[in-house]
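K.L.:
Starting off with a structure, shown below.
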Amino acid sequence: MGRGVTEAAILFFFHCISSPVTGDGSGEGYVRPLPRQTLSLPWRPKRSSDPQQVHISLAGAEHMRITWITGDASSPSIVEYGTLPGMYTSSSRGECASYKYLLYSSGKINHVVIGPLQSNTVYFYRCGGQGPEFQLKTPPSQFPIAFAVVGDLGQTGWTKSTLEHINQCKYDVHLLPGDLSYADYQQHLWDSFGALVQPLASTRPWMVTEGNHEKESILFFKSGFQAYNARWKMPYEESGSTSNLYYSFEVAGVHIIMLGSYTDYDVNSDQYAWLKDDLTGVDRERTPWLIVLSHVPWYNSNSAHQGEGKSMMAAMESLLYAAGVDIFIAGHVHAYERTTRVHNGGFDPCGLMHITIGDGGNREGLAQRFYNPKPEWSVFREASFGHGELKIVNSTHAFWSWHKNDDDESVKSDEVWINSLASIGCVR
Ligand SMILES: *[C@@H]1O[C@H](CO)[C@@H](O)[C@H](O)[C@H]1NC(C)=O
Ligand SMILES: [Fe+2]
């Protein structure tokens with residue numbers, strides 16, 4: 001307890017305080033829900049070798065990375081698994097890491113890659129040779145495939161209802177375009193976030209990219225993304241990237257690129273060179289759909305974070321357009337917005353559809369001020385907490401829907417059928 005107080009006092013110097021944007025709501029006849037408090041999760045004593053904060057992620061074709069944390073540094077980094085409960089026919093050994101941040105020392109963070117795995121199959125697994133059994137389902141190898149999408153998640157009462165709604169829908173892979181825990185330098189909040197998401201993240205792969213809240217850098221003292229990189233290792237090595245801050249993966253006919261808004265992206269940067277290379281390797285016969293995620297939106301008509309994506313867009317938009325990227329998904333702005341197909345600031349029949357979905361439920365609350373009049377490229381916008389579902393039906397059709405947390409009930413509020421650019425003659 002005392003340690004927490006000291007940590008909080010130290011952090012006071014580094015903490016960036018951002019106040020929630022509150023609109024007056026006048027003329028709308030609907031009172032926007034207020035932010036909810038950060039959850040206080042009950043502390044349950046566990047044996048220190050028991051796996052905690054288990055989450056999984058795709059790690060190259062037919063492989064899955066299992067990540068968990070133990071208090072006990074001697075517990076082995078092994079995962080035993082099989083397709084029947086309690087019958088572990090295979091096992092894999094992996095790597096481990098730990099880190100220190102001010103007065104905080106992390107537990108032992110284990111990463112173990114398992115596979116080759118069959119597609120669309122339930123596996124039962126155990127971490128560290130003991131403790132409870134978990135189960136996961138691998139994604140399908142062919143269409144249809146469903147993605148759950150939510151950004152700026154946090155760990156509040158709203159986060160809890162968003163996660164409950166996602167848990168009720170049928171999906172194969174979870175996509176998160178940045179801002180995970182809102183730990184904001186307080187490292188124990190990464191642990192409580194890991195515990196909060198474990199029931200979902202241990203059963204379906206969570207593919208994430210970094211937001212500003214992952215940075216946690218301290219001038220002259222701490223470079224950024226230490227906790228994020230240690231805890232949320234993504235398949236960057238598997239996709240030819242040299243940084244956990246950007247990578248790509250393929251699943252069931254979809255090529256997904258996770259870009260980093262908080263690392264260099266100019267035309268001379270490593271990220272740009274990697275992106276160019278990665279796009280060259282995309283085969284639209286194998287993956288008719290091409291999707292990009294990044295934290296900061298490029299097309300945003302909310303007054304929050306206005307213009308922040310401008311320089312990245314200037315550097316990369318034409319590259320993505322030429323490659324025929326279908327959909328660009330961002331977070332950061334705590335609201336929902338969907339555009340028409342756009343390029344170079346206006347409608348283009350072969351342009352990208354942009355979706356901003358930074359409304360997972362973080363403690364800062366909603367971004368309620370949209371610019372008026374609504375730009376012609378903005379189709380639907382609303383400041384409510386919620387999540388998205390992207391169902392890729394086949395090589396030509398996908399169905400996108402947005403579900404808001406209206407009084408804790410998930411209400412489908414926006415939906416659209418999307419034709420793949422490859423199917424309408426836009427991909428050369
Ligand atoms: C793809 O799915 C859509 C929507 O269900 C359907 O209309 C279309 O015929 C399908 N296309 C193919 C090639 O199966
Ligand atoms: Fe953000």
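FYI, nothing fancy with the structure tokens labels: chains A, B, ... in order, residues from 1 per chain, ligands from 1 as they appear.
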Any chance you could list, as a list of chain:residue names, the residues in segment 166-252 of chain A that come up strand (DSSP E) when DSSP is run on the backbone?

P.N.:
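Selection result, strand (DSSP E) within segment 166-252 of chain A: A:Val173, A:His174, A:Leu175, A:Leu176, A:Trp206, A:Met207, A:Val208, A:Tyr247, A:Ser248, A:Phe249, A:Glu250, A:Val251.
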
K.L.:
Those same residues - N, CA and C atoms - I'd like them written as a tab-separated table (two decimals), in the first residue's frame.

P.N.:
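Output below, filename selection-v1.tsv:
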```tsv
chain	number	residue	atom	x	y	z
A	173	VAL	N	-11.10	-13.22	-34.21
A	173	VAL	CA	-9.90	-12.46	-33.88
A	173	VAL	C	-10.31	-11.08	-33.38
A	174	HIS	N	-9.63	-10.61	-32.34
A	174	HIS	CA	-9.90	-9.29	-31.76
A	174	HIS	C	-8.86	-8.30	-32.28
A	175	LEU	N	-9.30	-7.18	-32.81
A	175	LEU	CA	-8.39	-6.15	-33.31
A	175	LEU	C	-8.48	-4.90	-32.43
A	176	LEU	N	-7.33	-4.40	-31.98
A	176	LEU	CA	-7.33	-3.25	-31.07
A	176	LEU	C	-6.35	-2.17	-31.55
A	206	TRP	N	-5.71	-11.70	-29.62
A	206	TRP	CA	-5.83	-10.23	-29.55
A	206	TRP	C	-4.66	-9.65	-30.32
A	207	MET	N	-4.98	-8.93	-31.40
A	207	MET	CA	-3.94	-8.29	-32.21
A	207	MET	C	-4.03	-6.79	-31.98
A	208	VAL	N	-2.96	-6.22	-31.45
A	208	VAL	CA	-3.01	-4.83	-30.99
A	208	VAL	C	-1.92	-4.00	-31.66
A	247	TYR	N	3.70	-4.18	-37.68
A	247	TYR	CA	3.84	-5.55	-38.17
A	247	TYR	C	2.63	-5.87	-39.03
A	248	SER	N	2.61	-7.07	-39.59
A	248	SER	CA	1.42	-7.50	-40.34
A	248	SER	C	1.17	-8.98	-40.10
A	249	PHE	N	-0.01	-9.43	-40.46
A	249	PHE	CA	-0.31	-10.86	-40.37
A	249	PHE	C	-1.41	-11.18	-41.38
A	250	GLU	N	-1.54	-12.46	-41.67
A	250	GLU	CA	-2.59	-12.90	-42.60
A	250	GLU	C	-3.45	-13.93	-41.93
A	251	VAL	N	-4.74	-13.81	-42.15
A	251	VAL	CA	-5.65	-14.80	-41.59
A	251	VAL	C	-6.84	-14.93	-42.55
```

K.L.:
Would you list the contacts of segment 114-119 of chain A as a ChimeraX atom specification, taking every protein, DNA or RNA residue within 6 Å and counting only C-alpha atoms, but skipping same-chain residues closer than 3 positions in sequence?

P.N.:
/A:62-64,92,138-141

K.L.:
Within 8 Å of segment 352-360 of chain A, counting only C-alpha atoms, which residues show up once you throw out same-chain ones fewer than 2 positions away? Write them as a PyMOL selection string, please.

P.N.:
chain A and resi 149-154+158-159+162+297-300+321+324-343+350+362+366+383-388

K.L.:
Any chance you can output those residues with N, CA and C atoms as a compact mmCIF listing (two decimals), in the first residue's frame?

P.N.:
```txt
# COMPACT_ATOMS: atom_id res chain seq x y z
N VAL A 149 -13.76 -5.45 -33.03
CA VAL A 149 -12.88 -4.28 -33.15
C VAL A 149 -13.22 -3.26 -32.08
N VAL A 150 -12.22 -2.86 -31.31
CA VAL A 150 -12.46 -1.78 -30.35
C VAL A 150 -11.15 -1.12 -29.97
N GLY A 151 -11.15 0.20 -29.91
CA GLY A 151 -9.95 0.94 -29.52
C GLY A 151 -10.12 1.63 -28.19
N ASP A 152 -9.02 2.14 -27.64
CA ASP A 152 -9.06 2.98 -26.44
C ASP A 152 -9.88 2.31 -25.34
N LEU A 153 -9.46 1.11 -24.98
CA LEU A 153 -10.28 0.25 -24.13
C LEU A 153 -10.31 0.70 -22.66
N GLY A 154 -9.13 0.84 -22.06
CA GLY A 154 -9.10 1.23 -20.65
C GLY A 154 -9.59 0.12 -19.75
N TRP A 158 -17.34 1.07 -18.15
CA TRP A 158 -17.72 0.99 -19.57
C TRP A 158 -16.92 -0.07 -20.29
N THR A 159 -15.64 -0.20 -19.94
CA THR A 159 -14.82 -1.25 -20.54
C THR A 159 -15.47 -2.60 -20.28
N THR A 162 -18.39 -3.14 -22.52
CA THR A 162 -17.92 -3.40 -23.89
C THR A 162 -17.41 -4.83 -24.03
N PRO A 297 -6.44 8.68 -36.18
CA PRO A 297 -7.23 8.71 -37.41
C PRO A 297 -6.70 9.73 -38.41
N TRP A 298 -6.92 9.46 -39.69
CA TRP A 298 -6.54 10.39 -40.76
C TRP A 298 -7.74 11.22 -41.21
N TYR A 299 -8.91 10.63 -41.18
CA TYR A 299 -10.14 11.36 -41.52
C TYR A 299 -10.98 11.42 -40.25
N ASN A 300 -11.07 12.61 -39.67
CA ASN A 300 -11.68 12.76 -38.36
C ASN A 300 -12.38 14.10 -38.33
N TYR A 321 -3.27 3.83 -50.89
CA TYR A 321 -4.25 3.95 -51.97
C TYR A 321 -3.81 3.14 -53.19
N GLY A 324 -4.37 -0.45 -52.90
CA GLY A 324 -5.76 -0.88 -52.83
C GLY A 324 -6.18 -1.37 -51.46
N VAL A 325 -5.79 -0.62 -50.40
CA VAL A 325 -6.24 -0.97 -49.05
C VAL A 325 -7.74 -0.73 -48.95
N ASP A 326 -8.47 -1.71 -48.42
CA ASP A 326 -9.92 -1.62 -48.34
C ASP A 326 -10.40 -0.74 -47.20
N ILE A 327 -9.86 -1.00 -46.00
CA ILE A 327 -10.39 -0.35 -44.80
C ILE A 327 -9.24 0.12 -43.92
N PHE A 328 -9.38 1.31 -43.33
CA PHE A 328 -8.40 1.85 -42.39
C PHE A 328 -9.13 2.06 -41.07
N ILE A 329 -8.65 1.39 -40.02
CA ILE A 329 -9.32 1.47 -38.71
C ILE A 329 -8.41 2.17 -37.71
N ALA A 330 -8.94 3.19 -37.03
CA ALA A 330 -8.16 3.94 -36.05
C ALA A 330 -8.92 4.05 -34.73
N GLY A 331 -8.24 4.56 -33.71
CA GLY A 331 -8.86 4.82 -32.42
C GLY A 331 -8.61 6.28 -32.05
N HIS A 332 -8.11 6.50 -30.82
CA HIS A 332 -7.63 7.79 -30.33
C HIS A 332 -8.75 8.78 -30.02
N VAL A 333 -9.64 9.03 -30.97
CA VAL A 333 -10.78 9.91 -30.72
C VAL A 333 -11.87 9.06 -30.06
N HIS A 334 -12.35 9.50 -28.90
CA HIS A 334 -13.26 8.67 -28.12
C HIS A 334 -14.70 8.84 -28.62
N ALA A 335 -14.90 8.37 -29.83
CA ALA A 335 -16.20 8.45 -30.48
C ALA A 335 -16.14 7.49 -31.67
N TYR A 336 -17.26 7.39 -32.40
CA TYR A 336 -17.30 6.53 -33.57
C TYR A 336 -17.54 7.38 -34.82
N GLU A 337 -16.83 7.05 -35.89
CA GLU A 337 -17.07 7.74 -37.17
C GLU A 337 -16.73 6.81 -38.32
N ARG A 338 -17.56 6.83 -39.35
CA ARG A 338 -17.30 6.05 -40.56
C ARG A 338 -17.36 6.97 -41.77
N THR A 339 -16.41 6.80 -42.69
CA THR A 339 -16.40 7.64 -43.89
C THR A 339 -16.85 6.85 -45.11
N THR A 340 -17.09 7.58 -46.18
CA THR A 340 -17.26 6.96 -47.48
C THR A 340 -15.86 6.57 -47.98
N ARG A 341 -15.74 6.05 -49.19
CA ARG A 341 -14.40 5.78 -49.73
C ARG A 341 -13.73 7.11 -50.03
N VAL A 342 -12.55 7.30 -49.49
CA VAL A 342 -11.89 8.61 -49.62
C VAL A 342 -10.44 8.46 -50.05
N HIS A 343 -9.97 9.51 -50.70
CA HIS A 343 -8.54 9.66 -50.99
C HIS A 343 -8.26 11.14 -51.18
N CYS A 350 -12.28 4.34 -55.50
CA CYS A 350 -11.28 3.32 -55.18
C CYS A 350 -10.50 3.66 -53.91
N ASN A 362 -12.66 4.04 -22.02
CA ASN A 362 -11.60 4.51 -21.11
C ASN A 362 -12.09 5.60 -20.15
N LEU A 366 -16.08 10.53 -23.30
CA LEU A 366 -16.36 10.66 -24.74
C LEU A 366 -15.92 12.00 -25.32
N ALA A 383 -20.85 10.08 -30.66
CA ALA A 383 -20.02 9.92 -29.47
C ALA A 383 -20.75 9.02 -28.47
N SER A 384 -20.48 7.73 -28.58
CA SER A 384 -21.00 6.77 -27.59
C SER A 384 -19.95 5.68 -27.42
N PHE A 385 -19.95 5.05 -26.26
CA PHE A 385 -19.06 3.90 -26.08
C PHE A 385 -19.64 2.72 -26.87
N GLY A 386 -18.76 1.83 -27.32
CA GLY A 386 -19.24 0.68 -28.07
C GLY A 386 -18.11 -0.14 -28.68
N HIS A 387 -18.47 -1.02 -29.59
CA HIS A 387 -17.48 -1.83 -30.29
C HIS A 387 -17.97 -2.10 -31.71
N GLY A 388 -17.08 -2.57 -32.58
CA GLY A 388 -17.42 -2.89 -33.96
C GLY A 388 -17.26 -4.37 -34.24
```

K.L.:
Could you give me the residues within 6 Å of ligand 2, counting only C-alpha atoms and all ligand atoms, as a PyMOL selection string?

P.N.:
chain A and resi 179+211-212+332

K.L.:
Keeping only C-alpha atoms, take the residues you just selected and write them out as a JSON list (two decimals), in the first residue's frame.

P.N.:
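Output file part22.json is given in full below:
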```json
[["chain", "number", "residue", "atom", "x", "y", "z"],
["A", 179, "ASP", "CA", -4.59, 2.59, -26.07],
["A", 211, "GLY", "CA", -1.45, 4.23, -28.82],
["A", 212, "ASN", "CA", -0.11, 7.29, -27.02],
["A", 332, "HIS", "CA", -7.63, 7.79, -30.33]]
```

K.L.:
What does the distance from atom CA of Gln52 of chain A to atom CA of Phe225 of chain A come to in Å, to one decimal?

P.N.:
21.0 Å

K.L.:
Quick one: residues within 7 Å of His55 of chain A, only C-alpha atoms counted, chain neighbours fewer than 4 positions away excluded, as a PyMOL selection string?

P.N.:
chain A and resi 66-68+198+201-202

K.L.:
Could you save those same residues with C-alpha atoms as a short mmCIF file (atom, residue, chain, number, x, y, z; two decimals), in the first residue's frame?

P.N.:
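The new file selection-v4.cif reads:
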```cif
data_model
loop_
_atom_site.label_atom_id
_atom_site.label_comp_id
_atom_site.auth_asym_id
_atom_site.auth_seq_id
_atom_site.Cartn_x
_atom_site.Cartn_y
_atom_site.Cartn_z
CA ILE A 66 0.71 -17.67 -25.58
CA THR A 67 1.69 -14.95 -23.09
CA TRP A 68 1.31 -15.10 -19.31
CA GLN A 198 -7.86 -12.58 -19.65
CA ALA A 201 -7.84 -12.65 -24.53
CA SER A 202 -6.98 -16.23 -23.48
#
```

K.L.:
Considering only C-alpha atoms and all ligand atoms, give me a table of residues in chain A that are at most 12 Å from ligand 1, with the closest atom pair and distance in Å for each, as JSON lines.

P.N.:
```
{"residue": "A:Phe143", "atom": "CA", "partner": "ligand 1", "partner_atom_place_in_ligand_line": "1 (C)", "distance": 9.7}
{"residue": "A:Pro144", "atom": "CA", "partner": "ligand 1", "partner_atom_place_in_ligand_line": "2 (O)", "distance": 9.4}
{"residue": "A:Pro288", "atom": "CA", "partner": "ligand 1", "partner_atom_place_in_ligand_line": "13 (C)", "distance": 11.6}
{"residue": "A:Lys391", "atom": "CA", "partner": "ligand 1", "partner_atom_place_in_ligand_line": "5 (O)", "distance": 10.6}
{"residue": "A:Ile392", "atom": "CA", "partner": "ligand 1", "partner_atom_place_in_ligand_line": "2 (O)", "distance": 8.8}
{"residue": "A:Val393", "atom": "CA", "partner": "ligand 1", "partner_atom_place_in_ligand_line": "2 (O)", "distance": 5.6}
{"residue": "A:Asn394", "atom": "CA", "partner": "ligand 1", "partner_atom_place_in_ligand_line": "1 (C)", "distance": 5.0}
{"residue": "A:Ser395", "atom": "CA", "partner": "ligand 1", "partner_atom_place_in_ligand_line": "13 (C)", "distance": 6.5}
{"residue": "A:Thr396", "atom": "CA", "partner": "ligand 1", "partner_atom_place_in_ligand_line": "1 (C)", "distance": 5.7}
{"residue": "A:His397", "atom": "CA", "partner": "ligand 1", "partner_atom_place_in_ligand_line": "1 (C)", "distance": 5.1}
{"residue": "A:Ala398", "atom": "CA", "partner": "ligand 1", "partner_atom_place_in_ligand_line": "2 (O)", "distance": 7.6}
{"residue": "A:Phe399", "atom": "CA", "partner": "ligand 1", "partner_atom_place_in_ligand_line": "4 (C)", "distance": 8.6}
{"residue": "A:Val416", "atom": "CA", "partner": "ligand 1", "partner_atom_place_in_ligand_line": "4 (C)", "distance": 11.8}
{"residue": "A:Trp417", "atom": "CA", "partner": "ligand 1", "partner_atom_place_in_ligand_line": "4 (C)", "distance": 8.5}
{"residue": "A:Ile418", "atom": "CA", "partner": "ligand 1", "partner_atom_place_in_ligand_line": "4 (C)", "distance": 9.8}
{"residue": "A:Asn419", "atom": "CA", "partner": "ligand 1", "partner_atom_place_in_ligand_line": "3 (C)", "distance": 9.1}
{"residue": "A:Ser420", "atom": "CA", "partner": "ligand 1", "partner_atom_place_in_ligand_line": "1 (C)", "distance": 10.3}
{"residue": "A:Ser423", "atom": "CA", "partner": "ligand 1", "partner_atom_place_in_ligand_line": "13 (C)", "distance": 9.4}
```

K.L.:
From the list A:Ser269, A:Ser239, A:Thr156, A:Thr89, which residue is nearest Phe124 of chain A when using only C-alpha atoms?

P.N.:
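Using only C-alpha atoms, the shortest distance to Phe124 of chain A belongs to A:Thr89.
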
K.L.:
Could you list, as a short mmCIF file (atom, residue, chain, number, x, y, z; two decimals) with N, CA and C atoms, in the first residue's frame, every residue within 10 Å of Ala322 of chain A, counting only C-alpha atoms and ignoring same-chain residues fewer than 2 positions away?

P.N.:
```
data_model
loop_
_atom_site.label_atom_id
_atom_site.label_comp_id
_atom_site.auth_asym_id
_atom_site.auth_seq_id
_atom_site.Cartn_x
_atom_site.Cartn_y
_atom_site.Cartn_z
N LEU A 279 3.60 -4.41 -48.49
CA LEU A 279 2.53 -4.26 -49.48
C LEU A 279 2.90 -4.98 -50.78
N GLU A 317 -0.55 8.00 -47.27
CA GLU A 317 -1.87 7.76 -47.88
C GLU A 317 -1.77 7.25 -49.32
N SER A 318 -0.90 7.86 -50.12
CA SER A 318 -0.85 7.47 -51.54
C SER A 318 -0.33 6.04 -51.69
N LEU A 319 0.56 5.63 -50.78
CA LEU A 319 1.07 4.27 -50.80
C LEU A 319 -0.07 3.26 -50.54
N LEU A 320 -0.89 3.56 -49.53
CA LEU A 320 -2.00 2.66 -49.19
C LEU A 320 -3.05 2.66 -50.31
N GLY A 324 -4.37 -0.45 -52.90
CA GLY A 324 -5.76 -0.88 -52.83
C GLY A 324 -6.18 -1.37 -51.46
N VAL A 325 -5.79 -0.62 -50.40
CA VAL A 325 -6.24 -0.97 -49.05
C VAL A 325 -7.74 -0.73 -48.95
N CYS A 350 -12.28 4.34 -55.50
CA CYS A 350 -11.28 3.32 -55.18
C CYS A 350 -10.50 3.66 -53.91
N GLY A 351 -11.03 4.57 -53.11
CA GLY A 351 -10.33 4.99 -51.89
C GLY A 351 -10.59 4.05 -50.72
N CYS A 426 -10.66 -2.07 -58.67
CA CYS A 426 -9.79 -0.99 -58.18
C CYS A 426 -8.37 -1.45 -57.90
N VAL A 427 -8.14 -2.76 -57.94
CA VAL A 427 -6.79 -3.24 -57.64
C VAL A 427 -6.13 -3.67 -58.93
N ARG A 428 -4.99 -3.03 -59.19
CA ARG A 428 -4.28 -3.34 -60.42
C ARG A 428 -3.37 -4.53 -60.23
#
```

K.L.:
Could you pull out the residues in segment 48-199 of chain A that DSSP calls alpha helix (DSSP H) from the backbone, as a list of chain:residue names?

P.N.:
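Those residues are A:Gly157, A:Trp158, A:Thr159, A:Lys160, A:Ser161, A:Thr162, A:Leu163, A:Glu164, A:His165, A:Ile166, A:Asn167, A:Gln168, A:His188, A:Leu189, A:Trp190, A:Asp191, A:Ser192, A:Phe193, A:Gly194, A:Ala195, A:Leu196, A:Val197, A:Gln198, A:Pro199.
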
K.L.:
With C-alpha atoms retained, write the just-selected residues as a compact mmCIF listing (two decimals), in the first residue's frame.

P.N.:
```txt
# COMPACT_ATOMS: atom_id res chain seq x y z
CA GLY A 157 -17.17 0.19 -15.87
CA TRP A 158 -17.72 0.99 -19.57
CA THR A 159 -14.82 -1.25 -20.54
CA LYS A 160 -16.53 -4.04 -18.64
CA SER A 161 -19.78 -3.67 -20.56
CA THR A 162 -17.92 -3.40 -23.89
CA LEU A 163 -16.07 -6.63 -23.12
CA GLU A 164 -19.32 -8.34 -22.12
CA HIS A 165 -20.88 -7.35 -25.45
CA ILE A 166 -17.87 -8.58 -27.42
CA ASN A 167 -18.02 -11.83 -25.49
CA GLN A 168 -21.61 -12.34 -26.64
CA HIS A 188 0.31 -2.23 -11.55
CA LEU A 189 -2.51 -1.03 -13.83
CA TRP A 190 -0.99 -3.08 -16.65
CA ASP A 191 -1.42 -6.09 -14.35
CA SER A 192 -5.05 -5.29 -13.52
CA PHE A 193 -5.74 -4.74 -17.24
CA GLY A 194 -4.19 -8.13 -18.04
CA ALA A 195 -6.44 -9.75 -15.44
CA LEU A 196 -9.53 -7.92 -16.73
CA VAL A 197 -9.08 -9.03 -20.34
CA GLN A 198 -7.86 -12.58 -19.65
CA PRO A 199 -11.29 -14.26 -20.00
```

K.L.:
Please compute the atom CA of Leu58 of chain A-atom CA of Pro205 of chain A distance, one decimal, in Å.

P.N.:
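Going from atom CA of Leu58 of chain A over to atom CA of Pro205 of chain A, I get 6.0 Å.
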
K.L.:
Taking 6 positions as the minimum chain separation for residues in the same chain, which residues sit within 9 Å of His255 of chain A when counting only C-alpha atoms? Answer as a list in words.

P.N.:
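After dropping sequence-adjacent residues, the list is Ser248, Phe249, Val282, Asp283, Arg284, Arg286, Thr287, Pro288, Trp289, Leu290, Ile291 and Val292 of chain A.
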
K.L.:
Write the residues you've just listed into a file as a PDB file, in the first residue's frame, and include C-alpha atoms for each of them.

P.N.:
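Output below, filename result-v4.pdb:
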```
ATOM      1  CA  SER A 248       1.425  -7.500 -40.345  1.00  0.00           C
ATOM      2  CA  PHE A 249      -0.314 -10.859 -40.370  1.00  0.00           C
ATOM      3  CA  VAL A 282       0.464  -8.949 -50.708  1.00  0.00           C
ATOM      4  CA  ASP A 283      -1.135 -11.420 -53.114  1.00  0.00           C
ATOM      5  CA  ARG A 284      -4.796 -10.524 -53.746  1.00  0.00           C
ATOM      6  CA  ARG A 286      -4.440 -15.346 -51.489  1.00  0.00           C
ATOM      7  CA  THR A 287      -5.766 -12.369 -49.493  1.00  0.00           C
ATOM      8  CA  PRO A 288      -8.472 -10.495 -51.435  1.00  0.00           C
ATOM      9  CA  TRP A 289      -8.964  -8.182 -48.431  1.00  0.00           C
ATOM     10  CA  LEU A 290      -6.368  -5.664 -47.241  1.00  0.00           C
ATOM     11  CA  ILE A 291      -6.923  -3.828 -43.947  1.00  0.00           C
ATOM     12  CA  VAL A 292      -4.766  -1.324 -42.050  1.00  0.00           C
TER      13      VAL A 292
END
```

K.L.:
Counting only C-alpha atoms, figure out which residue out of A:Ser301, A:Arg47, A:Tyr182, A:Arg204 gets nearest to Tyr371 of chain A.

P.N.:
A:Ser301

K.L.:
Go ahead and compute the interatomic distance for atom CA of Arg126 of chain A and atom CA of Tyr236 of chain A, in Å to one decimal.

P.N.:
24.9 Å

K.L.:
Between A:Tyr185, A:Ala422, A:Ser217, A:Asn302, which has the minimum distance to Leu103 of chain A (counting only C-alpha atoms)?

P.N.:
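Using only C-alpha atoms, Leu103 of chain A sits closest to A:Tyr185.
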
K.L.:
So, with only C-alpha atoms as the atoms that count, which of A:Pro235, A:Gly178, A:Pro373, A:Gly260 lies closest to Met316 of chain A?

P.N.:
A:Gly260
